[in-house]
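All remarks here apply to the structure that follows.
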Amino acid sequence: MDVEEFRAAAHELVDWIADLRLRVPELPVRSTARPGEVRAAVDGVPPELPEPFAALLADLDDVVVPGTTQVQSPRNFAWFPSNASLASVLGDLASSGLGSLGITWQSSPALTELEEVVTDWLRDLTGLSSQWRGAIHDTASSACLVAMIAARERASGLSEARGGLQSEPAPLVVYASTEAHSSVAKAVLLAGFGRDNLRLVPADPVTFAMDVDALRDLMARDVAAGRRPAAVVASVGTTGTTAVDPVAEIVSAASVHGAWVHVDAAMAGSAMLLEECRGMFDGVECADSLSWNPHKWMGTILDCSLLYVRDVELLVRVMSTDPSYLRSSVDGEVTQYKDWGIPLGRRFRALKLWFHLRLDGAEAIRARLRRDLANAQWLRAQVDAEPGWEVVAPVPLQTVCVVHAPAGLTGDALDAHTLAWCERINASGRALLTPALVGGRWVVRVSIGAEATEHDDVSAVWKLMRDTAQRRP
Ligand SMILES: Cc1ncc(COP(=O)(O)O)c(C=O)c1O
């Protein structure tokens, strides 16, 4: 493809994207594709000769769109908001067009320095102090892994430079609540701690927040048995119910043992943009690392996860490599993000945040988050007031967890009813909700916060929920 062919096709593609975004509200929210259907439609021998761009666009329309669950739909209430603001889409496009190589400062000074600027902007916009420095990672899962490796190395006095964890005299232990995201356990395992050294701390049965007395207890028992508490992961905004672990208390319990505290606020971190929500993060200033995803509720397109640390020097000691071909005369004067995480080559992700913030502005983003919080409170009040319906967890943010419990229906029968009405809604394509196990029972999560979701959409899904659950199939 030459430049002029690119120019023509790109114009068409941008028109296609704009038209698609206009069409999204009419599309079924959940993809209607059957397993293998997409593959069967496009499989075949790899192309030897160029095809017209129109053939690709036709396949996008005929195969890819039906094979895509429309998380940008105003009626998407599944999982968590996964917004892709159009301003950030433009930044992503600019990043691809630039085709830069992020391996050192020298390979793209702009990539490095814009990342410094946007991570500082978000640090300031979220009320964090200038003690924190941030980098953009692909996901909160990777960010958590980096934090767990840094914690391991701090606790072991940089054992990586010796025999690694295998040569440690005492096992190092990590703690997270039973409600923590599965990526936390994965990070702990991948960082080499081993499942035997991961403690799942009980959560309060009403708030689903970590029980810090239980944490203190578990830590004391580990110390008595000759093990060392190395890290605690505090979740602010758990995936199930958006429960908020008490960070300040966790930091205080961890500090007794010199354990690292990582705050996982993958979805809820966006709420730090709102001054009135910062109380949920009390104590975060004394944690060691914090990650959150602008690619969720805030709306910068995937992949855009922020990891902030207070001790960059330690992180760099743990992560740095120094092959001769990457050295330059400015080393020591500049940030080398290759030493802040796992990959060497990085994309120019800062552009999507830069475009998003500059083209939309923080004020509009804050207004949207407040709209979603208000809609969640509205829905909570409706469910509370409706006989036979129950809100099963506090609603500190934008997710409302509900059950419809007709008289006499309990236990497994109630679970079956919950899963059935939720599936009927999802299969209809008119909205998408996620069922989840909360406190051992199935509930339906209504996760509000798609960029396009207005009050009318929340009101419509509530009507759909009542009509569907209260009707016999
Ligand atoms: C609390 C929490 N932590 C971590 C993750 C993982 O996020 P990512 O997909 O960016 O790895 C999620 C995603 O749902 C989450 O809700």
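Identifiers in this document derive from the order of the structure tokens: chains are assigned A, B, ..., residues are numbered from 1 separately in each chain, and ligands are numbered from 1 in order of occurrence.
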Handout entry: Residue list (strand (DSSP E or B), DSSP) for stretch 224-448 of chain A, as number ranges by chain
Key = A: 228-236, 244, 260-264, 289-292, 305-309, 346, 389-391, 399-404, 432-438, 441-447
Exercise for the section: Please check which protein, DNA or RNA residues sit within 9 Å of ligand 1, counting only C-alpha atoms and all ligand atoms, and write them as a PyMOL selection string. Expected result: chain A and resi 79-80+137-144+179-184+235-240+242+264-268+291-293+295-296+302-305
Can I get the selected residues back with N, CA, C and O atoms, as a compact mmCIF listing (two decimals), in the first residue's frame?
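Result file is result_27.txt:
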# COMPACT_ATOMS: atom_id res chain seq x y z
N TRP A 79 -19.83 -6.61 32.87
CA TRP A 79 -18.46 -6.56 33.38
C TRP A 79 -18.16 -5.23 34.08
O TRP A 79 -18.49 -5.05 35.23
N PHE A 80 -17.56 -4.31 33.32
CA PHE A 80 -17.19 -2.98 33.85
C PHE A 80 -17.14 -2.08 32.62
O PHE A 80 -17.03 -2.57 31.48
N HIS A 137 1.07 0.91 31.30
CA HIS A 137 1.22 -0.51 30.99
C HIS A 137 0.03 -0.94 30.14
O HIS A 137 -0.91 -0.18 29.95
N ASP A 138 0.06 -2.20 29.67
CA ASP A 138 -1.07 -2.64 28.87
C ASP A 138 -2.32 -2.84 29.73
O ASP A 138 -3.40 -2.37 29.39
N THR A 139 -2.16 -3.53 30.85
CA THR A 139 -3.33 -3.87 31.67
C THR A 139 -2.98 -3.80 33.16
O THR A 139 -1.80 -3.81 33.54
N ALA A 140 -4.01 -3.82 33.98
CA ALA A 140 -3.81 -3.86 35.43
C ALA A 140 -3.18 -5.18 35.85
O ALA A 140 -2.50 -5.26 36.88
N SER A 141 -3.41 -6.24 35.05
CA SER A 141 -2.80 -7.54 35.37
C SER A 141 -1.28 -7.43 35.29
O SER A 141 -0.56 -7.89 36.19
N SER A 142 -0.78 -6.81 34.22
CA SER A 142 0.67 -6.64 34.08
C SER A 142 1.19 -5.71 35.16
O SER A 142 2.27 -5.94 35.72
N ALA A 143 0.44 -4.64 35.44
CA ALA A 143 0.88 -3.68 36.45
C ALA A 143 1.01 -4.37 37.81
O ALA A 143 1.97 -4.15 38.56
N CYS A 144 0.06 -5.26 38.11
CA CYS A 144 0.09 -5.97 39.39
C CYS A 144 1.30 -6.92 39.43
O CYS A 144 1.97 -7.03 40.46
N GLU A 179 -12.14 -11.22 47.72
CA GLU A 179 -12.85 -10.54 46.64
C GLU A 179 -11.91 -9.94 45.59
O GLU A 179 -12.35 -9.33 44.62
N ALA A 180 -10.58 -10.08 45.82
CA ALA A 180 -9.63 -9.48 44.88
C ALA A 180 -9.78 -10.12 43.50
O ALA A 180 -10.20 -11.27 43.37
N HIS A 181 -9.42 -9.37 42.48
CA HIS A 181 -9.52 -9.86 41.10
C HIS A 181 -8.58 -11.04 40.88
O HIS A 181 -7.50 -11.10 41.49
N SER A 182 -8.97 -11.93 39.98
CA SER A 182 -8.16 -13.13 39.72
C SER A 182 -6.75 -12.79 39.23
O SER A 182 -5.82 -13.57 39.38
N SER A 183 -6.60 -11.60 38.65
CA SER A 183 -5.27 -11.20 38.16
C SER A 183 -4.28 -11.02 39.32
O SER A 183 -3.06 -11.09 39.11
N VAL A 184 -4.80 -10.81 40.53
CA VAL A 184 -3.90 -10.64 41.68
C VAL A 184 -3.25 -11.98 42.01
O VAL A 184 -2.02 -12.08 42.13
N SER A 235 -7.75 -3.84 47.36
CA SER A 235 -8.60 -3.58 46.19
C SER A 235 -9.52 -2.41 46.50
O SER A 235 -10.25 -2.45 47.48
N VAL A 236 -9.47 -1.40 45.67
CA VAL A 236 -10.44 -0.32 45.79
C VAL A 236 -11.35 -0.45 44.58
O VAL A 236 -10.95 -0.17 43.45
N GLY A 237 -12.56 -0.93 44.83
CA GLY A 237 -13.49 -1.21 43.74
C GLY A 237 -13.28 -2.63 43.24
O GLY A 237 -12.73 -2.83 42.16
N THR A 238 -13.73 -3.61 44.03
CA THR A 238 -13.56 -5.00 43.58
C THR A 238 -14.45 -5.24 42.35
O THR A 238 -15.44 -4.53 42.13
N THR A 239 -14.10 -6.26 41.61
CA THR A 239 -14.82 -6.50 40.35
C THR A 239 -16.26 -6.91 40.63
O THR A 239 -17.18 -6.47 39.93
N GLY A 240 -16.46 -7.74 41.66
CA GLY A 240 -17.81 -8.24 41.93
C GLY A 240 -18.77 -7.14 42.33
O GLY A 240 -19.81 -6.94 41.68
N THR A 242 -17.67 -3.77 43.60
CA THR A 242 -16.97 -2.49 43.81
C THR A 242 -16.74 -2.20 45.31
O THR A 242 -16.82 -1.04 45.74
N ASP A 264 -4.94 -1.99 44.00
CA ASP A 264 -5.52 -2.32 42.70
C ASP A 264 -6.86 -1.60 42.59
O ASP A 264 -7.83 -1.98 43.23
N ALA A 265 -6.86 -0.54 41.78
CA ALA A 265 -8.09 0.23 41.57
C ALA A 265 -8.40 0.26 40.08
O ALA A 265 -8.72 1.32 39.52
N ALA A 266 -8.28 -0.91 39.45
CA ALA A 266 -8.36 -0.98 37.99
C ALA A 266 -9.58 -0.22 37.45
O ALA A 266 -9.44 0.63 36.57
N MET A 267 -10.75 -0.53 37.97
CA MET A 267 -11.95 0.16 37.48
C MET A 267 -12.18 1.47 38.23
O MET A 267 -12.44 2.50 37.64
N ALA A 268 -12.02 1.41 39.56
CA ALA A 268 -12.46 2.53 40.40
C ALA A 268 -11.49 3.71 40.40
O ALA A 268 -11.85 4.79 40.87
N SER A 291 -2.37 0.95 40.85
CA SER A 291 -2.66 0.87 39.42
C SER A 291 -4.14 1.11 39.17
O SER A 291 -4.98 0.75 40.00
N TRP A 292 -4.40 1.77 38.06
CA TRP A 292 -5.80 1.92 37.61
C TRP A 292 -5.82 2.11 36.10
O TRP A 292 -4.80 2.47 35.50
N ASN A 293 -6.98 1.81 35.54
CA ASN A 293 -7.10 1.75 34.08
C ASN A 293 -7.93 2.91 33.53
O ASN A 293 -9.17 2.84 33.59
N HIS A 295 -8.47 2.92 30.70
CA HIS A 295 -9.21 2.21 29.64
C HIS A 295 -10.49 1.55 30.15
O HIS A 295 -11.16 0.85 29.39
N LYS A 296 -10.85 1.81 31.39
CA LYS A 296 -12.16 1.32 31.83
C LYS A 296 -13.12 2.52 31.88
O LYS A 296 -13.50 3.04 30.85
N LEU A 302 -8.58 0.96 25.29
CA LEU A 302 -7.64 -0.11 25.63
C LEU A 302 -6.44 -0.02 24.68
O LEU A 302 -6.65 0.27 23.50
N ASP A 303 -5.23 -0.28 25.06
CA ASP A 303 -4.81 -0.66 26.38
C ASP A 303 -4.10 0.49 27.05
O ASP A 303 -3.17 1.05 26.49
N CYS A 304 -4.55 0.82 28.24
CA CYS A 304 -4.03 2.01 28.89
C CYS A 304 -4.21 1.88 30.41
O CYS A 304 -5.23 2.30 30.97
N SER A 305 -3.25 1.26 31.04
CA SER A 305 -3.31 1.03 32.48
C SER A 305 -2.15 1.77 33.14
O SER A 305 -1.01 1.68 32.67
Practice task
Check the smallest atom-to-atom distance from each of A:Val71, A:Leu326, A:Val334, A:Val42 to A:Gly429 using only C-alpha atoms, then report the winner.
Solution key: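 Among the listed residues, A:Val71 lies closest to A:Gly429.
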Practice task
Write out as an NGL selection string which residues come within 6 Å of stretch 386-388 of chain A when counting only C-alpha atoms, dropping same-chain ones fewer than 2 positions away.
Solution key: :A and (383-384 or 404-406)
So that I have them on file, write out the residues from the current selection with C-alpha atoms, as a PDB file, in the first residue's frame.
ATOM      1  CA  VAL A 383     -34.551  -1.595  43.393  1.00  0.00           C
ATOM      2  CA  ASP A 384     -34.723  -0.915  47.133  1.00  0.00           C
ATOM      3  CA  HIS A 404     -35.060 -10.727  42.258  1.00  0.00           C
ATOM      4  CA  ALA A 405     -36.307 -13.071  44.952  1.00  0.00           C
ATOM      5  CA  PRO A 406     -39.998 -14.010  44.525  1.00  0.00           C
TER       6      PRO A 406
END
Which neighbours of A:Gly279 fall inside 12 Å, counting only C-alpha atoms, when residues of the same chain fewer than 4 positions from it are skipped, and could you give them as a compact mmCIF listing (two decimals) with N, CA and C atoms, in the first residue's frame?
# COMPACT_ATOMS: atom_id res chain seq x y z
N THR A 126 -5.84 13.39 39.87
CA THR A 126 -6.43 12.45 40.83
C THR A 126 -6.01 12.78 42.26
N GLY A 127 -5.32 13.91 42.44
CA GLY A 127 -5.01 14.37 43.79
C GLY A 127 -3.86 13.64 44.46
N VAL A 236 -9.47 -1.40 45.67
CA VAL A 236 -10.44 -0.32 45.79
C VAL A 236 -11.35 -0.45 44.58
N VAL A 244 -14.70 -1.61 48.74
CA VAL A 244 -13.53 -0.76 48.95
C VAL A 244 -12.77 -1.25 50.17
N ASP A 245 -11.60 -1.82 49.95
CA ASP A 245 -10.77 -2.24 51.09
C ASP A 245 -10.25 -0.99 51.81
N PRO A 246 -10.17 -1.04 53.15
CA PRO A 246 -9.71 0.15 53.89
C PRO A 246 -8.19 0.31 53.77
N VAL A 247 -7.77 1.12 52.82
CA VAL A 247 -6.34 1.21 52.48
C VAL A 247 -5.51 1.71 53.67
N ALA A 248 -6.01 2.72 54.37
CA ALA A 248 -5.21 3.29 55.47
C ALA A 248 -4.94 2.22 56.53
N ALA A 271 -12.52 7.18 39.70
CA ALA A 271 -13.26 7.96 40.70
C ALA A 271 -12.36 8.94 41.45
N MET A 272 -11.05 8.67 41.42
CA MET A 272 -10.14 9.62 42.08
C MET A 272 -10.13 10.97 41.38
N LEU A 273 -10.64 11.01 40.15
CA LEU A 273 -10.76 12.31 39.46
C LEU A 273 -11.78 13.19 40.16
N LEU A 274 -12.64 12.57 40.98
CA LEU A 274 -13.70 13.33 41.67
C LEU A 274 -13.31 13.54 43.12
N GLU A 275 -13.21 14.79 43.50
CA GLU A 275 -12.78 15.06 44.88
C GLU A 275 -13.66 14.37 45.91
N GLY A 283 -5.38 6.88 52.63
CA GLY A 283 -4.25 6.02 52.97
C GLY A 283 -3.40 5.69 51.77
N VAL A 284 -3.90 5.96 50.57
CA VAL A 284 -3.17 5.55 49.37
C VAL A 284 -1.80 6.22 49.30
N GLU A 285 -1.69 7.42 49.85
CA GLU A 285 -0.41 8.13 49.80
C GLU A 285 0.71 7.36 50.48
N PRO A 396 -21.02 2.02 46.38
CA PRO A 396 -20.18 3.21 46.52
C PRO A 396 -19.84 3.86 45.19
Handout entry: Contacts of A:Ile342 at 9 Å (only C-alpha atoms; same-chain gap of 2+ positions) as a ChimeraX atom specification
Key = /A:142,146,319,338-340,344
Pull N, CA, C and O atoms from the residues just selected and write them as a PDB file, in the first residue's frame.
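Dumped to out-v5.pdb:
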ATOM      1  N   SER A 142      -0.784  -6.813  34.217  1.00  0.00           N
ATOM      2  CA  SER A 142       0.673  -6.635  34.081  1.00  0.00           C
ATOM      3  C   SER A 142       1.190  -5.707  35.164  1.00  0.00           C
ATOM      4  O   SER A 142       2.274  -5.936  35.724  1.00  0.00           O
ATOM      5  N   VAL A 146       4.148  -6.482  37.911  1.00  0.00           N
ATOM      6  CA  VAL A 146       5.337  -5.642  38.136  1.00  0.00           C
ATOM      7  C   VAL A 146       5.428  -5.262  39.620  1.00  0.00           C
ATOM      8  O   VAL A 146       6.500  -5.341  40.238  1.00  0.00           O
ATOM      9  N   MET A 319      14.148  -3.900  37.510  1.00  0.00           N
ATOM     10  CA  MET A 319      13.721  -4.157  36.122  1.00  0.00           C
ATOM     11  C   MET A 319      14.778  -3.839  35.081  1.00  0.00           C
ATOM     12  O   MET A 319      14.565  -4.100  33.900  1.00  0.00           O
ATOM     13  N   LYS A 338      11.897   1.297  29.580  1.00  0.00           N
ATOM     14  CA  LYS A 338      12.197  -0.146  29.485  1.00  0.00           C
ATOM     15  C   LYS A 338      12.581  -0.693  30.865  1.00  0.00           C
ATOM     16  O   LYS A 338      12.463  -1.892  31.106  1.00  0.00           O
ATOM     17  N   ASP A 339      13.033   0.205  31.761  1.00  0.00           N
ATOM     18  CA  ASP A 339      13.473  -0.227  33.094  1.00  0.00           C
ATOM     19  C   ASP A 339      12.373  -0.076  34.151  1.00  0.00           C
ATOM     20  O   ASP A 339      12.626  -0.160  35.352  1.00  0.00           O
ATOM     21  N   TRP A 340      11.146   0.207  33.692  1.00  0.00           N
ATOM     22  CA  TRP A 340      10.031   0.384  34.626  1.00  0.00           C
ATOM     23  C   TRP A 340       9.031  -0.766  34.536  1.00  0.00           C
ATOM     24  O   TRP A 340       7.976  -0.717  35.154  1.00  0.00           O
ATOM     25  N   LEU A 344      10.524  -4.633  26.515  1.00  0.00           N
ATOM     26  CA  LEU A 344      11.481  -3.634  26.018  1.00  0.00           C
ATOM     27  C   LEU A 344      10.731  -2.700  25.067  1.00  0.00           C
ATOM     28  O   LEU A 344      10.615  -1.507  25.333  1.00  0.00           O
TER      29      LEU A 344
END
Exercise for the section: Determine the nearest neighbour of A:Val391 from the options A:Asp92, A:Ala350, A:Asp2, A:Arg445, counting only C-alpha atoms. Expected result: A:Arg445
Exercise for the section: Write out as a PyMOL selection string the residues lying within 9 Å of A:Leu215, counting only C-alpha atoms and excluding same-chain residues fewer than 4 positions away. Expected result: chain A and resi 175-177+199-202+210-211+219-220+250+253-254
Would you write out those residues with C-alpha atoms, as a short mmCIF file (atom, residue, chain, number, x, y, z; two decimals), in the first residue's frame?
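Listing of part.cif after writing:
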data_model
loop_
_atom_site.label_atom_id
_atom_site.label_comp_id
_atom_site.auth_asym_id
_atom_site.auth_seq_id
_atom_site.Cartn_x
_atom_site.Cartn_y
_atom_site.Cartn_z
CA TYR A 175 -2.17 -11.20 51.16
CA ALA A 176 -5.28 -10.12 49.25
CA SER A 177 -8.96 -10.33 50.04
CA ARG A 199 -3.37 -15.78 51.75
CA LEU A 200 -6.92 -14.89 50.80
CA VAL A 201 -8.10 -12.70 53.63
CA PRO A 202 -11.82 -12.97 54.50
CA MET A 210 -11.13 -6.86 53.45
CA ASP A 211 -11.37 -7.70 57.14
CA MET A 219 0.30 -12.02 59.22
CA ALA A 220 1.04 -12.71 62.89
CA ILE A 250 -4.11 -2.04 55.50
CA ALA A 253 -1.07 -3.36 59.33
CA ALA A 254 1.47 -3.97 56.55
#
Practice task
Quick one: everything within 9 Å of stretch 130-133 of chain A, counting only C-alpha atoms, minus sequence neighbours fewer than 3 positions away in the same chain. Send it as a VMD selection string.
Solution key: chain A and resid 116 119 to 120 123 to 124 285 289 307 to 312
Take the residues that were just selected and, keeping C-alpha atoms, output them as a tab-separated table (two decimals), in the first residue's frame.
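Just written: again-v4.tsv:
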chain	number	residue	atom	x	y	z
A	116	GLU	CA	5.95	11.52	31.68
A	119	THR	CA	1.11	10.33	33.86
A	120	ASP	CA	1.95	13.49	35.83
A	123	ARG	CA	-1.41	12.08	39.07
A	124	ASP	CA	-2.32	15.74	39.62
A	285	GLU	CA	-0.41	8.13	49.80
A	289	SER	CA	2.16	1.21	44.27
A	307	LEU	CA	1.07	2.03	37.42
A	308	TYR	CA	2.31	4.57	39.95
A	309	VAL	CA	5.14	3.84	42.35
A	310	ARG	CA	6.76	5.94	45.04
A	311	ASP	CA	10.20	4.32	44.89
A	312	VAL	CA	11.17	4.48	41.22
Problem - Atom pair atom CA of A:Thr321 / atom CA of A:Ser167: separation (Å) - result: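 Going from atom CA of A:Thr321 over to atom CA of A:Ser167 covers 22.1 Å.
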Completion exercise
Using only C-alpha atoms, the best pick from A:Gln70, A:Met1, A:Val263, A:Pro28 as closest to A:Phe53 would be A:Met1
Problem - Residue among A:Gly341, A:Pro171, A:Gly97, A:Pro81 lying closest to A:Arg195, counting only C-alpha atoms - result: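 Ranking A:Gly341, A:Pro171, A:Gly97, A:Pro81 by distance to A:Arg195, first place goes to A:Pro171.
With only C-alpha atoms as the basis for measurement, A:Leu190 is the residue among A:Ala33, A:Leu101, A:Leu190, A:Val392 that approaches A:Ala147 most closely.
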Problem - Atomic separation - atom CA of A:Ala452 relative to atom CA of A:Arg371, Å - result: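 Going from atom CA of A:Arg371 over to atom CA of A:Ala452, I get 11.0 Å.
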